[in-house]
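Heads up, data.pdb below (PDB, C-alpha atoms):
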ATOM      1  CA  MET Q 204     -16.080 -10.575  75.922
ATOM      2  CA  VAL Q 205     -17.450  -7.551  74.090
ATOM      3  CA  LEU Q 206     -16.779  -6.969  70.410
ATOM      4  CA  GLN Q 207     -15.790  -3.647  68.881
ATOM      5  CA  VAL Q 208     -19.123  -3.560  67.047
ATOM      6  CA  LYS Q 209     -20.939  -2.819  70.319
ATOM      7  CA  LEU Q 210     -18.703   0.139  71.114
ATOM      8  CA  GLU Q 211     -19.090   1.526  67.592
ATOM      9  CA  ARG Q 212     -22.872   1.123  67.740
ATOM     10  CA  ILE Q 213     -23.054   2.943  71.070
ATOM     11  CA  ALA Q 214     -20.794   5.712  69.759
ATOM     12  CA  LYS Q 215     -23.248   6.254  66.880
ATOM     13  CA  GLY Q 216     -26.187   6.440  69.313
ATOM     14  CA  ILE Q 217     -27.897   3.333  67.953
ATOM     15  CA  LYS Q 218     -29.701   1.033  70.386
ATOM     16  CA  ALA Q 219     -29.136  -2.716  70.098
ATOM     17  CA  TYR Q 220     -32.713  -3.430  69.006
ATOM     18  CA  GLU Q 221     -32.476  -0.657  66.393
ATOM     19  CA  MET Q 222     -29.270  -2.139  65.006
ATOM     20  CA  ALA Q 223     -30.854  -5.571  64.826
ATOM     21  CA  ALA Q 224     -33.758  -4.108  62.839
ATOM     22  CA  LEU Q 225     -31.425  -2.166  60.527
ATOM     23  CA  VAL Q 226     -29.471  -5.299  59.613
ATOM     24  CA  GLY Q 227     -32.542  -7.564  59.544
ATOM     25  CA  TYR Q 228     -31.468  -9.836  62.386
ATOM     26  CA  ASN Q 229     -33.204 -11.165  65.489
ATOM     27  CA  PRO Q 230     -32.512  -8.826  68.463
ATOM     28  CA  ASN Q 231     -31.670 -11.703  70.802
ATOM     29  CA  LEU Q 232     -29.215 -13.165  68.307
ATOM     30  CA  TRP Q 233     -27.742  -9.695  67.746
ATOM     31  CA  LEU Q 234     -26.959  -9.394  71.458
ATOM     32  CA  GLN Q 235     -25.182 -12.760  71.272
ATOM     33  CA  VAL Q 236     -23.131 -11.472  68.335
ATOM     34  CA  GLU Q 237     -22.104  -8.363  70.284
ATOM     35  CA  LYS Q 238     -20.998 -10.542  73.206
ATOM     36  CA  GLY Q 239     -18.927 -12.749  70.914
ATOM     37  CA  LEU Q 240     -21.121 -15.804  71.535
ATOM     38  CA  ARG Q 241     -22.312 -16.079  67.930
ATOM     39  CA  LYS Q 242     -20.741 -15.281  64.592
ATOM     40  CA  PRO Q 243     -22.956 -13.103  62.364
ATOM     41  CA  PRO Q 244     -23.959 -14.316  58.904
ATOM     42  CA  ALA Q 245     -21.941 -12.669  56.121
ATOM     43  CA  ASP Q 246     -24.836 -10.490  54.960
ATOM     44  CA  VAL Q 247     -25.450  -9.193  58.492
ATOM     45  CA  ALA Q 248     -21.737  -8.462  58.943
ATOM     46  CA  ASP Q 249     -21.676  -6.576  55.630
ATOM     47  CA  LYS Q 250     -24.776  -4.518  56.475
ATOM     48  CA  THR Q 251     -23.314  -3.701  59.894
ATOM     49  CA  SER Q 252     -20.060  -2.599  58.303
ATOM     50  CA  HIS Q 253     -21.938  -0.323  55.906
ATOM     51  CA  ILE Q 254     -24.081   1.244  58.656
ATOM     52  CA  LEU Q 255     -21.192   1.823  61.066
ATOM     53  CA  ARG Q 256     -18.725   2.698  58.291
ATOM     54  CA  LYS Q 257     -16.002   0.430  59.649
ATOM     55  CA  PRO Q 258     -14.410  -2.685  58.142
ATOM     56  CA  VAL Q 259     -15.872  -6.050  59.163
ATOM     57  CA  GLU Q 260     -12.408  -7.149  60.315
ATOM     58  CA  ILE Q 261     -12.359  -4.382  62.921
ATOM     59  CA  LEU Q 262     -15.981  -4.581  64.041
ATOM     60  CA  PHE Q 263     -16.050  -8.256  64.904
ATOM     61  CA  CYS Q 264     -12.848  -8.355  66.949
ATOM     62  CA  PRO Q 265     -12.677  -8.091  70.740
ATOM     63  CA  ALA Q 266     -12.910  -4.527  72.007
ATOM     64  CA  GLY Q 267      -9.954  -2.975  73.700
TER      65      GLY Q 267
END

Take the structure I supplied and represent it as structure tokens, if you would.
Amino acid sequence: MVLQVKLERIAKGIKAYEMAALVGYNPNLWLQVEKGLRKPPADVADKTSHILRKPVEILFCPAG
């Protein structure tokens, strides 16, 4: 399963490791978040929402 956050990140031209650095999260854990295997901490979800300019509720739902 892929979450909407991955599609939004790609659309903005941000690489996964860059996104992890921007939100202050381990790159390996970030990849797990994007695959829906791990739930992001609230602060990481909020930073992601701010960077991608989309609500948390939309970003961390399955894509499609």

- prompt: Can you list what the PyMOL selection byres ((chain Q and resi 249) around 12) grabs from this structure, as an MDAnalysis selection string?
  reply: chainID Q and resid 225:227 243:248 250:260 262:263

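Interatomic distance, atom CA of Cys264 of chain Q to atom CA of Glu237 of chain Q: 9.8 Å.
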
message: If the PyMOL selection byres ((chain Q and resi 234) around 12) were run on this exact file, what residues would it hold? Put them as a PyMOL selection string.
response: chain Q and resi 204-206+208-209+212+218-223+228-233+235-243

What are the centre and the three edge lengths of an axis-aligned box that wraps all atoms of segment 216-234 of chain Q in the file, given that 8 Å is added to every side, written as JSON and rounded to one decimal in Å?
{"center_x": -30.0, "center_y": -3.4, "center_z": 65.5, "size_x": 23.6, "size_y": 35.6, "size_z": 27.9}

Output segment 210-228 of chain Q as a CSV table (one decimal), in the coordinates of the input, making sure N, CA and C atoms are there.
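Saved result, part_35.csv, follows:
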chain,number,residue,atom,x,y,z
Q,210,LEU,N,-19.2,-1.2,70.8
Q,210,LEU,CA,-18.7,0.1,71.1
Q,210,LEU,C,-19.0,1.1,70.0
Q,211,GLU,N,-18.8,0.7,68.8
Q,211,GLU,CA,-19.1,1.5,67.6
Q,211,GLU,C,-20.6,1.9,67.5
Q,212,ARG,N,-21.4,0.9,67.8
Q,212,ARG,CA,-22.9,1.1,67.7
Q,212,ARG,C,-23.3,2.2,68.8
Q,213,ILE,N,-22.7,2.0,70.0
Q,213,ILE,CA,-23.1,2.9,71.1
Q,213,ILE,C,-22.6,4.3,70.7
Q,214,ALA,N,-21.4,4.4,70.1
Q,214,ALA,CA,-20.8,5.7,69.8
Q,214,ALA,C,-21.7,6.4,68.7
Q,215,LYS,N,-22.4,5.7,67.9
Q,215,LYS,CA,-23.2,6.3,66.9
Q,215,LYS,C,-24.6,6.6,67.4
Q,216,GLY,N,-24.9,6.2,68.7
Q,216,GLY,CA,-26.2,6.4,69.3
Q,216,GLY,C,-27.3,5.5,68.9
Q,217,ILE,N,-26.9,4.3,68.4
Q,217,ILE,CA,-27.9,3.3,68.0
Q,217,ILE,C,-28.1,2.3,69.1
Q,218,LYS,N,-29.4,2.0,69.4
Q,218,LYS,CA,-29.7,1.0,70.4
Q,218,LYS,C,-29.6,-0.4,69.8
Q,219,ALA,N,-29.3,-1.4,70.6
Q,219,ALA,CA,-29.1,-2.7,70.1
Q,219,ALA,C,-30.3,-3.2,69.3
Q,220,TYR,N,-31.5,-3.0,69.8
Q,220,TYR,CA,-32.7,-3.4,69.0
Q,220,TYR,C,-32.9,-2.7,67.7
Q,221,GLU,N,-32.4,-1.4,67.6
Q,221,GLU,CA,-32.5,-0.7,66.4
Q,221,GLU,C,-31.5,-1.2,65.4
Q,222,MET,N,-30.3,-1.6,65.9
Q,222,MET,CA,-29.3,-2.1,65.0
Q,222,MET,C,-29.7,-3.5,64.4
Q,223,ALA,N,-30.3,-4.3,65.3
Q,223,ALA,CA,-30.9,-5.6,64.8
Q,223,ALA,C,-31.9,-5.4,63.7
Q,224,ALA,N,-32.8,-4.4,63.9
Q,224,ALA,CA,-33.8,-4.1,62.8
Q,224,ALA,C,-33.1,-3.6,61.6
Q,225,LEU,N,-32.1,-2.7,61.7
Q,225,LEU,CA,-31.4,-2.2,60.5
Q,225,LEU,C,-30.7,-3.2,59.7
Q,226,VAL,N,-30.2,-4.2,60.4
Q,226,VAL,CA,-29.5,-5.3,59.6
Q,226,VAL,C,-30.4,-6.5,59.3
Q,227,GLY,N,-31.6,-6.5,59.8
Q,227,GLY,CA,-32.5,-7.6,59.5
Q,227,GLY,C,-32.2,-8.8,60.3
Q,228,TYR,N,-31.9,-8.7,61.6
Q,228,TYR,CA,-31.5,-9.8,62.4
Q,228,TYR,C,-32.3,-9.8,63.7
